[in-house]
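Chemist: Got a file for you: protein-v4.txt, compact mmCIF, C-alpha atoms and all ligand atoms.
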# COMPACT_ATOMS: atom_id res chain seq x y z
CA MET A 1394 -140.18 -130.13 -24.15
CA ARG A 1395 -140.16 -126.44 -23.17
CA ARG A 1396 -142.80 -124.42 -24.96
CA VAL A 1397 -141.40 -121.47 -26.92
CA LEU A 1398 -143.09 -118.14 -26.43
CA VAL A 1399 -142.06 -115.38 -28.82
CA VAL A 1400 -141.78 -111.91 -27.32
CA ALA A 1401 -142.50 -108.93 -29.53
CA THR A 1402 -139.84 -106.59 -28.17
CA GLY A 1403 -136.42 -105.35 -29.14
CA ASN A 1404 -135.85 -103.85 -25.69
CA PRO A 1405 -133.24 -105.92 -23.81
CA GLY A 1406 -134.28 -104.50 -20.39
CA LYS A 1407 -137.86 -105.65 -20.91
CA LEU A 1408 -136.77 -109.07 -22.12
CA VAL A 1409 -134.69 -109.61 -18.97
CA GLU A 1410 -137.68 -108.72 -16.80
CA LEU A 1411 -140.13 -110.83 -18.77
CA ARG A 1412 -137.79 -113.82 -18.46
CA GLU A 1413 -137.61 -113.28 -14.69
CA LEU A 1414 -141.38 -112.98 -14.48
CA VAL A 1415 -141.98 -116.38 -16.12
CA SER A 1416 -138.92 -118.04 -14.58
CA GLY A 1417 -140.95 -120.55 -12.55
CA LEU A 1418 -142.74 -121.80 -15.67
CA ASP A 1419 -141.60 -124.27 -18.30
CA LEU A 1420 -141.52 -121.61 -21.01
CA GLU A 1421 -138.66 -120.45 -23.21
CA LEU A 1422 -138.91 -116.78 -24.18
CA ARG A 1423 -137.34 -115.84 -27.51
CA SER A 1424 -137.42 -112.30 -28.85
CA LEU A 1425 -138.27 -111.48 -32.46
CA SER A 1426 -134.74 -110.18 -33.01
CA GLU A 1427 -133.25 -113.45 -31.68
CA LEU A 1428 -135.37 -115.26 -34.28
CA GLY A 1429 -134.29 -112.85 -37.03
CA LEU A 1430 -137.86 -111.55 -37.44
CA PRO A 1431 -138.76 -107.85 -37.86
CA SER A 1432 -140.46 -105.88 -35.07
CA PRO A 1433 -143.91 -104.48 -35.93
CA GLU A 1434 -144.60 -100.72 -36.08
CA GLU A 1435 -146.35 -99.34 -32.98
CA THR A 1436 -149.24 -97.69 -34.80
CA GLY A 1437 -151.95 -98.10 -32.14
CA GLY A 1438 -153.57 -95.21 -30.30
CA THR A 1439 -153.45 -96.90 -26.86
CA PHE A 1440 -151.08 -99.14 -24.90
CA ALA A 1441 -153.61 -101.96 -25.27
CA GLN A 1442 -153.82 -101.60 -29.05
CA ASN A 1443 -150.04 -101.59 -29.37
CA ALA A 1444 -149.66 -104.65 -27.11
CA GLU A 1445 -152.23 -106.50 -29.20
CA LEU A 1446 -150.80 -105.55 -32.56
CA LYS A 1447 -147.30 -106.52 -31.42
CA ALA A 1448 -148.49 -109.89 -30.07
CA ARG A 1449 -150.53 -110.61 -33.21
CA ALA A 1450 -147.71 -109.66 -35.60
CA ALA A 1451 -145.24 -111.84 -33.68
CA ALA A 1452 -147.63 -114.82 -33.57
CA ASP A 1453 -148.25 -114.47 -37.32
CA ALA A 1454 -144.54 -114.18 -38.12
CA ALA A 1455 -143.34 -116.98 -35.84
CA LYS A 1456 -146.44 -119.23 -36.16
CA THR A 1457 -146.47 -119.82 -32.44
CA TRP A 1458 -147.75 -118.24 -29.19
CA ALA A 1459 -146.51 -114.67 -28.77
CA LEU A 1460 -146.43 -112.08 -26.00
CA GLY A 1461 -146.65 -108.35 -26.68
CA ASP A 1462 -146.06 -105.68 -24.04
CA ASP A 1463 -146.53 -101.97 -24.50
CA SER A 1464 -145.64 -99.73 -21.62
CA GLY A 1465 -144.77 -96.19 -20.74
CA LEU A 1466 -144.41 -93.48 -18.15
CA CYS A 1467 -147.30 -91.02 -17.68
CA VAL A 1468 -146.48 -87.82 -15.80
CA ASP A 1469 -149.43 -85.80 -14.45
CA ALA A 1470 -147.70 -82.41 -14.69
CA LEU A 1471 -146.92 -83.11 -18.37
CA GLY A 1472 -150.51 -84.01 -19.23
CA GLY A 1473 -149.67 -87.73 -19.30
CA ALA A 1474 -146.50 -87.40 -21.44
CA PRO A 1475 -144.33 -89.14 -22.47
CA GLY A 1476 -147.01 -91.88 -22.27
CA LEU A 1477 -147.33 -93.84 -25.50
CA HIS A 1478 -144.24 -92.06 -26.81
CA SER A 1479 -141.99 -93.03 -23.87
CA ALA A 1480 -139.55 -94.97 -26.03
CA ARG A 1481 -139.41 -92.33 -28.78
CA TRP A 1482 -139.14 -89.24 -26.54
CA ALA A 1483 -135.38 -88.89 -27.14
CA GLY A 1484 -132.58 -90.93 -28.69
CA ASN A 1485 -131.55 -93.13 -25.76
CA ASP A 1486 -132.35 -93.81 -22.09
CA GLU A 1487 -129.96 -91.14 -20.80
CA ALA A 1488 -131.37 -88.49 -23.15
CA ARG A 1489 -134.92 -89.48 -22.20
CA ARG A 1490 -134.14 -89.09 -18.49
CA ALA A 1491 -132.43 -85.74 -19.12
CA ARG A 1492 -135.47 -84.49 -21.04
CA LEU A 1493 -137.81 -85.59 -18.24
CA LEU A 1494 -135.76 -83.73 -15.63
CA ARG A 1495 -135.61 -80.65 -17.87
CA GLU A 1496 -139.37 -80.60 -18.47
CA LEU A 1497 -140.05 -80.94 -14.73
CA ASP A 1498 -137.39 -78.43 -13.73
CA ALA A 1499 -139.83 -75.89 -12.25
CA VAL A 1500 -142.27 -78.47 -10.84
CA PRO A 1501 -142.11 -78.82 -7.03
CA ALA A 1502 -141.91 -82.20 -5.23
CA GLY A 1503 -145.62 -82.36 -4.37
CA ARG A 1504 -146.64 -82.01 -8.03
CA ARG A 1505 -144.41 -84.64 -9.63
CA ALA A 1506 -146.91 -87.54 -9.54
CA ALA A 1507 -146.58 -90.16 -12.29
CA HIS A 1508 -147.36 -93.77 -13.07
CA PHE A 1509 -146.05 -96.51 -15.28
CA PHE A 1510 -148.64 -98.44 -17.28
CA CYS A 1511 -148.20 -101.77 -19.02
CA ALA A 1512 -150.62 -103.52 -21.35
CA ALA A 1513 -149.76 -107.12 -22.14
CA ALA A 1514 -151.35 -109.43 -24.68
CA LEU A 1515 -150.80 -113.06 -25.52
CA CYS A 1516 -151.76 -114.16 -29.01
CA ALA A 1517 -152.37 -117.80 -29.92
CA PRO A 1518 -151.32 -119.12 -33.35
CA ASP A 1519 -155.05 -119.28 -34.20
CA GLY A 1520 -155.43 -115.57 -33.39
CA ARG A 1521 -157.10 -115.75 -29.95
CA LEU A 1522 -156.01 -112.89 -27.67
CA PHE A 1523 -155.56 -112.93 -23.89
CA ARG A 1524 -155.13 -109.54 -22.24
CA ALA A 1525 -154.01 -107.99 -18.94
CA ALA A 1526 -152.74 -104.65 -17.69
CA GLY A 1527 -150.89 -103.26 -14.69
CA ARG A 1528 -149.79 -99.93 -13.28
CA VAL A 1529 -147.57 -98.61 -10.52
CA ASP A 1530 -148.06 -95.16 -9.01
CA GLY A 1531 -145.35 -92.89 -7.71
CA SER A 1532 -143.47 -89.68 -8.47
CA ILE A 1533 -140.47 -88.35 -10.37
CA ALA A 1534 -137.22 -87.76 -8.43
CA THR A 1535 -135.13 -84.62 -8.96
CA ALA A 1536 -131.97 -86.59 -9.86
CA PRO A 1537 -131.35 -90.16 -11.08
CA ARG A 1538 -130.44 -92.81 -8.48
CA GLY A 1539 -129.66 -96.50 -8.73
CA THR A 1540 -128.24 -98.79 -11.39
CA ASN A 1541 -130.76 -101.65 -11.68
CA GLY A 1542 -133.48 -101.87 -14.32
CA PHE A 1543 -133.62 -99.71 -17.43
CA GLY A 1544 -135.26 -96.66 -19.00
CA TYR A 1545 -136.78 -94.20 -16.56
CA ASP A 1546 -136.23 -96.49 -13.51
CA PRO A 1547 -133.57 -94.24 -11.86
CA LEU A 1548 -136.09 -91.36 -11.81
CA PHE A 1549 -139.21 -93.18 -10.65
CA LEU A 1550 -140.05 -93.32 -6.94
CA PRO A 1551 -142.83 -95.89 -6.37
CA ALA A 1552 -145.28 -94.78 -3.66
CA GLU A 1553 -144.81 -98.21 -2.06
CA THR A 1554 -141.02 -97.82 -1.57
CA PRO A 1555 -140.58 -94.29 -0.17
CA GLY A 1556 -137.15 -92.78 -0.84
CA ARG A 1557 -136.05 -95.55 -3.24
CA THR A 1558 -136.24 -95.38 -7.03
CA LEU A 1559 -137.12 -98.45 -9.12
CA ALA A 1560 -133.44 -98.63 -10.08
CA GLU A 1561 -132.51 -98.99 -6.39
CA LEU A 1562 -134.75 -102.02 -5.87
CA PRO A 1563 -133.58 -105.61 -6.29
CA SER A 1564 -135.18 -107.07 -9.41
CA ALA A 1565 -137.50 -109.35 -7.41
CA GLU A 1566 -138.90 -106.31 -5.61
CA LYS A 1567 -139.37 -104.32 -8.81
CA ASN A 1568 -141.10 -107.31 -10.42
CA ARG A 1569 -143.45 -107.66 -7.45
CA LEU A 1570 -144.76 -104.11 -7.63
CA SER A 1571 -144.12 -102.99 -11.21
CA HIS A 1572 -146.65 -102.35 -13.95
CA ARG A 1573 -145.11 -105.21 -15.97
CA GLY A 1574 -145.14 -107.59 -13.00
CA ARG A 1575 -148.80 -106.83 -12.39
CA ALA A 1576 -149.74 -107.22 -16.05
CA LEU A 1577 -147.96 -110.59 -16.19
CA ALA A 1578 -149.72 -111.66 -12.98
CA GLY A 1579 -153.00 -111.12 -14.85
CA LEU A 1580 -151.80 -113.43 -17.63
CA ARG A 1581 -150.49 -116.02 -15.16
CA PRO A 1582 -153.31 -118.59 -15.54
CA THR A 1583 -152.93 -118.51 -19.31
CA LEU A 1584 -149.13 -118.79 -19.09
CA GLU A 1585 -149.38 -121.68 -16.62
CA ALA A 1586 -151.76 -123.55 -18.91
CA LEU A 1587 -149.42 -122.94 -21.86
CA ALA A 1588 -146.41 -124.19 -19.91
CA ARG A 1589 -148.34 -127.37 -19.02
CA GLY A 1590 -149.07 -127.88 -22.72
CA ALA A 1591 -152.81 -127.42 -22.11
CA ASP A 1592 -155.12 -125.18 -24.09
CA PRO A 1593 -155.50 -122.07 -21.95
CA GLY A 1594 -159.23 -121.67 -22.64
CA ASP A 1595 -160.28 -118.09 -22.03
CA PHE A 1596 -158.81 -116.47 -18.94
CA SER A 1597 -158.67 -113.01 -20.48
CA ARG A 1598 -159.53 -109.98 -18.40
CA PRO A 1599 -160.56 -106.57 -19.71
CA LEU A 1600 -157.79 -103.99 -19.89
CA THR A 1601 -158.15 -100.91 -17.72
P1 LIG B 1 -142.32 -99.75 -25.63
O1 LIG B 1 -143.28 -100.45 -24.72
O2 LIG B 1 -141.40 -100.68 -26.34
O3 LIG B 1 -143.02 -98.76 -26.52
O4 LIG B 1 -141.32 -98.89 -24.72
C1 LIG B 1 -141.72 -98.35 -23.53
C2 LIG B 1 -140.71 -97.35 -23.02
O5 LIG B 1 -141.22 -96.88 -21.77
C3 LIG B 1 -139.35 -97.94 -22.72
O6 LIG B 1 -138.44 -97.81 -23.78
C4 LIG B 1 -138.90 -97.11 -21.51
O7 LIG B 1 -138.37 -95.88 -21.96
C5 LIG B 1 -140.22 -96.86 -20.81
N1 LIG B 1 -140.47 -97.94 -19.83
C6 LIG B 1 -141.41 -98.92 -19.92
N2 LIG B 1 -141.35 -99.74 -18.86
C7 LIG B 1 -140.34 -99.28 -18.10
C8 LIG B 1 -139.80 -99.73 -16.88
O8 LIG B 1 -140.19 -100.75 -16.28
N3 LIG B 1 -138.79 -98.99 -16.39
C9 LIG B 1 -138.32 -97.87 -17.01
N4 LIG B 1 -138.77 -97.43 -18.16
C10 LIG B 1 -139.80 -98.13 -18.72
Is it possible to express this structure as structure tokens?
Modeler:
Amino acid sequence: MRRVLVVATGNPGKLVELRELVSGLDLELRSLSELGLPSPEETGGTFAQNAELKARAAADAAKTWALGDDSGLCVDALGGAPGLHSARWAGNDEARRARLLRELDAVPAGRRAAHFFCAAALCAPDGRLFRAAGRVDGSIATAPRGTNGFGYDPLFLPAETPGRTLAELPSAEKNRLSHRGRALAGLRPTLEALARGADPGDFSRPLT
């Protein structure tokens, strides 16, 4: 029987990616909203705290293993903004991208460095936490390009794919280099053990 893993997100773009990232494993990802359960408030002061509180709240509510992911875009020229507030920076993805371009209007190409960060946490029904994190470095384009992905993807140029935004990459390529892909790679041993029906033991790594 496939093991159900509850995902503490209401973001459909993230859910699609998380499903792709565990696609080789015998795990069925169900979001809190699909289960009719409320999403927890993001009251933490760091990505790691938010990932943990989301995972714990989902595990408590669904009484099963749960995955929480908290992520955001950190722009050097904006002192790390939008950072933790990436989702709340404006009303929708288009407005968030427009605000980012506006705030960087006078910033020249060489000073538009940014990174995405993702903290991920798995919480067991007994409260044990398994943690990982990932980041991808790059810069902010001067106009959106590409239609894949979600959020700020059309404006983010990974250093590893010069001239192409995240939204111009096929999903497998984004997943290979993205902050979320890297965070999930850190949780891979735990997820593999879960999918086998074994107790994962403690494979947790410190968050950076
Ligand atoms: P949260 O983790 O639910 O607080 O939301 C993080 C927000 O950061 C998202 O709503 C997006 O605006 C942005 N974000 C996080 N990861 C990505 C990504 O992979 N691509 C584009 N935007 C992202």
Chemist: Give me the chain A side of the contact with ligand LIG 1 (chain B), cut-off 7 Å, one line per residue showing its nearest atom pair and distance in Å at one decimal, counting all atoms listed in the file, sorted by chain and residue number, as a Markdown table.
Modeler:
| residue | atom | partner | partner_atom | distance |
| --- | --- | --- | --- | --- |
| A:Thr1402 | CA | B:LIG1 | O2 | 6.4 |
| A:Asn1404 | CA | B:LIG1 | O2 | 6.4 |
| A:Asp1462 | CA | B:LIG1 | O1 | 6.0 |
| A:Asp1463 | CA | B:LIG1 | O1 | 3.6 |
| A:Ser1464 | CA | B:LIG1 | O1 | 4.0 |
| A:Gly1465 | CA | B:LIG1 | O5 | 3.8 |
| A:Leu1466 | CA | B:LIG1 | O5 | 5.9 |
| A:Leu1477 | CA | B:LIG1 | O3 | 6.6 |
| A:His1478 | CA | B:LIG1 | O3 | 6.8 |
| A:Ser1479 | CA | B:LIG1 | O5 | 4.5 |
| A:Ala1480 | CA | B:LIG1 | O6 | 3.8 |
| A:Asp1486 | CA | B:LIG1 | O7 | 6.4 |
| A:Phe1509 | CA | B:LIG1 | N2 | 6.7 |
| A:Gly1542 | CA | B:LIG1 | N3 | 6.4 |
| A:Phe1543 | CA | B:LIG1 | C9 | 5.1 |
| A:Gly1544 | CA | B:LIG1 | N4 | 3.7 |
| A:Tyr1545 | CA | B:LIG1 | C9 | 4.0 |
| A:Asp1546 | CA | B:LIG1 | C9 | 4.3 |
| A:Ser1571 | CA | B:LIG1 | O8 | 6.8 |
| A:Arg1573 | CA | B:LIG1 | O8 | 6.6 |
Chemist: Go through range 1543-1596 of chain A residue by residue and, counting all atoms listed in the file, keep those with an atom at most 10 Å from range 1528-1534 of chain A; for each kept residue give the shortest atom pair and its distance in Å to one decimal, ordered by chain and increasing number, as JSON lines.
Modeler:
{"residue": "A:Tyr1545", "atom": "CA", "partner": "A:Ile1533", "partner_atom": "CA", "distance": 9.3}
{"residue": "A:Asp1546", "atom": "CA", "partner": "A:Ile1533", "partner_atom": "CA", "distance": 9.7}
{"residue": "A:Pro1547", "atom": "CA", "partner": "A:Ala1534", "partner_atom": "CA", "distance": 8.2}
{"residue": "A:Leu1548", "atom": "CA", "partner": "A:Ala1534", "partner_atom": "CA", "distance": 5.1}
{"residue": "A:Phe1549", "atom": "CA", "partner": "A:Ile1533", "partner_atom": "CA", "distance": 5.0}
{"residue": "A:Leu1550", "atom": "CA", "partner": "A:Ser1532", "partner_atom": "CA", "distance": 5.2}
{"residue": "A:Pro1551", "atom": "CA", "partner": "A:Gly1531", "partner_atom": "CA", "distance": 4.1}
{"residue": "A:Ala1552", "atom": "CA", "partner": "A:Gly1531", "partner_atom": "CA", "distance": 4.5}
{"residue": "A:Glu1553", "atom": "CA", "partner": "A:Gly1531", "partner_atom": "CA", "distance": 7.8}
{"residue": "A:Thr1554", "atom": "CA", "partner": "A:Gly1531", "partner_atom": "CA", "distance": 9.0}
{"residue": "A:Pro1555", "atom": "CA", "partner": "A:Gly1531", "partner_atom": "CA", "distance": 9.0}
{"residue": "A:Gly1556", "atom": "CA", "partner": "A:Ala1534", "partner_atom": "CA", "distance": 9.1}
{"residue": "A:Arg1557", "atom": "CA", "partner": "A:Ala1534", "partner_atom": "CA", "distance": 9.4}
{"residue": "A:Thr1558", "atom": "CA", "partner": "A:Ala1534", "partner_atom": "CA", "distance": 7.8}
{"residue": "A:Leu1570", "atom": "CA", "partner": "A:Val1529", "partner_atom": "CA", "distance": 6.8}
{"residue": "A:Ser1571", "atom": "CA", "partner": "A:Val1529", "partner_atom": "CA", "distance": 5.6}
{"residue": "A:His1572", "atom": "CA", "partner": "A:Arg1528", "partner_atom": "CA", "distance": 4.0}
{"residue": "A:Arg1573", "atom": "CA", "partner": "A:Arg1528", "partner_atom": "CA", "distance": 7.6}
{"residue": "A:Gly1574", "atom": "CA", "partner": "A:Arg1528", "partner_atom": "CA", "distance": 9.0}
{"residue": "A:Arg1575", "atom": "CA", "partner": "A:Arg1528", "partner_atom": "CA", "distance": 7.0}
{"residue": "A:Ala1576", "atom": "CA", "partner": "A:Arg1528", "partner_atom": "CA", "distance": 7.8}
Chemist: Counting all atoms listed in the file, which residues in range 1463-1556 of chain A sit no more than 12 Å from range 1583-1595 of chain A? For each one, give the nearest pair of atoms and the distance in Å, sorted by chain then residue number, as CSV.
Modeler:
residue,atom,partner,partner_atom,distance
A:Ala1514,CA,A:Thr1583,CA,10.7
A:Leu1515,CA,A:Thr1583,CA,8.5
A:Cys1516,CA,A:Thr1583,CA,10.7
A:Ala1517,CA,A:Pro1593,CA,9.6
A:Pro1518,CA,A:Asp1592,CA,11.7
A:Asp1519,CA,A:Asp1592,CA,11.7
A:Arg1521,CA,A:Asp1595,CA,8.8
A:Leu1522,CA,A:Asp1595,CA,8.8
A:Phe1523,CA,A:Asp1595,CA,7.2
A:Arg1524,CA,A:Thr1583,CA,9.7
A:Ala1525,CA,A:Thr1583,CA,10.6
Chemist: Within 7 Å of range 1420-1437 of chain A, counting only C-alpha atoms, which residues show up once you throw out same-chain ones fewer than 3 positions away? Write them as a count of residues only, please.
Modeler: 15
Chemist: Need to verify the contact set: Asp1453 in chain A, 9 Å, only C-alpha atoms, exclusion of same-chain residues closer than 4 positions in sequence. Can you return it as a list in words?
Modeler: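 Close residues of Asp1453 in chain A: Ala1448, Arg1449, Thr1457, Trp1458, Ala1459, Pro1518, Asp1519 and Gly1520 of chain A.
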Chemist: Using all atoms listed in the file, which of the listed residues (A:Ala1536, A:Ala1474, A:Leu1493, A:Leu1414) sits closest to Arg1569 in chain A?
Modeler: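 Of A:Ala1536, A:Ala1474, A:Leu1493, A:Leu1414, the one nearest Arg1569 in chain A, counting all atoms listed in the file, is A:Leu1414.
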Chemist: Please measure the separation of CA of Leu1494 in chain A and CA of Thr1535 in chain A, giving the value in Å to one decimal.
Modeler: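 Computing the Euclidean distance for CA of Leu1494 in chain A and CA of Thr1535 in chain A yields 6.8 Å.
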Chemist: What is the CA of His1508 in chain A-CA of Leu1418 in chain A distance in Å, reported with one decimal?
Modeler: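 About the pair CA of His1508 in chain A and CA of Leu1418 in chain A: they are 28.5 Å apart.
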Chemist: Mind pulling up the distance from CA of Arg1495 in chain A to CA of Arg1481 in chain A?
Modeler: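 Taking CA of Arg1481 in chain A as the start and CA of Arg1495 in chain A as the end point, the length is 16.4 Å.
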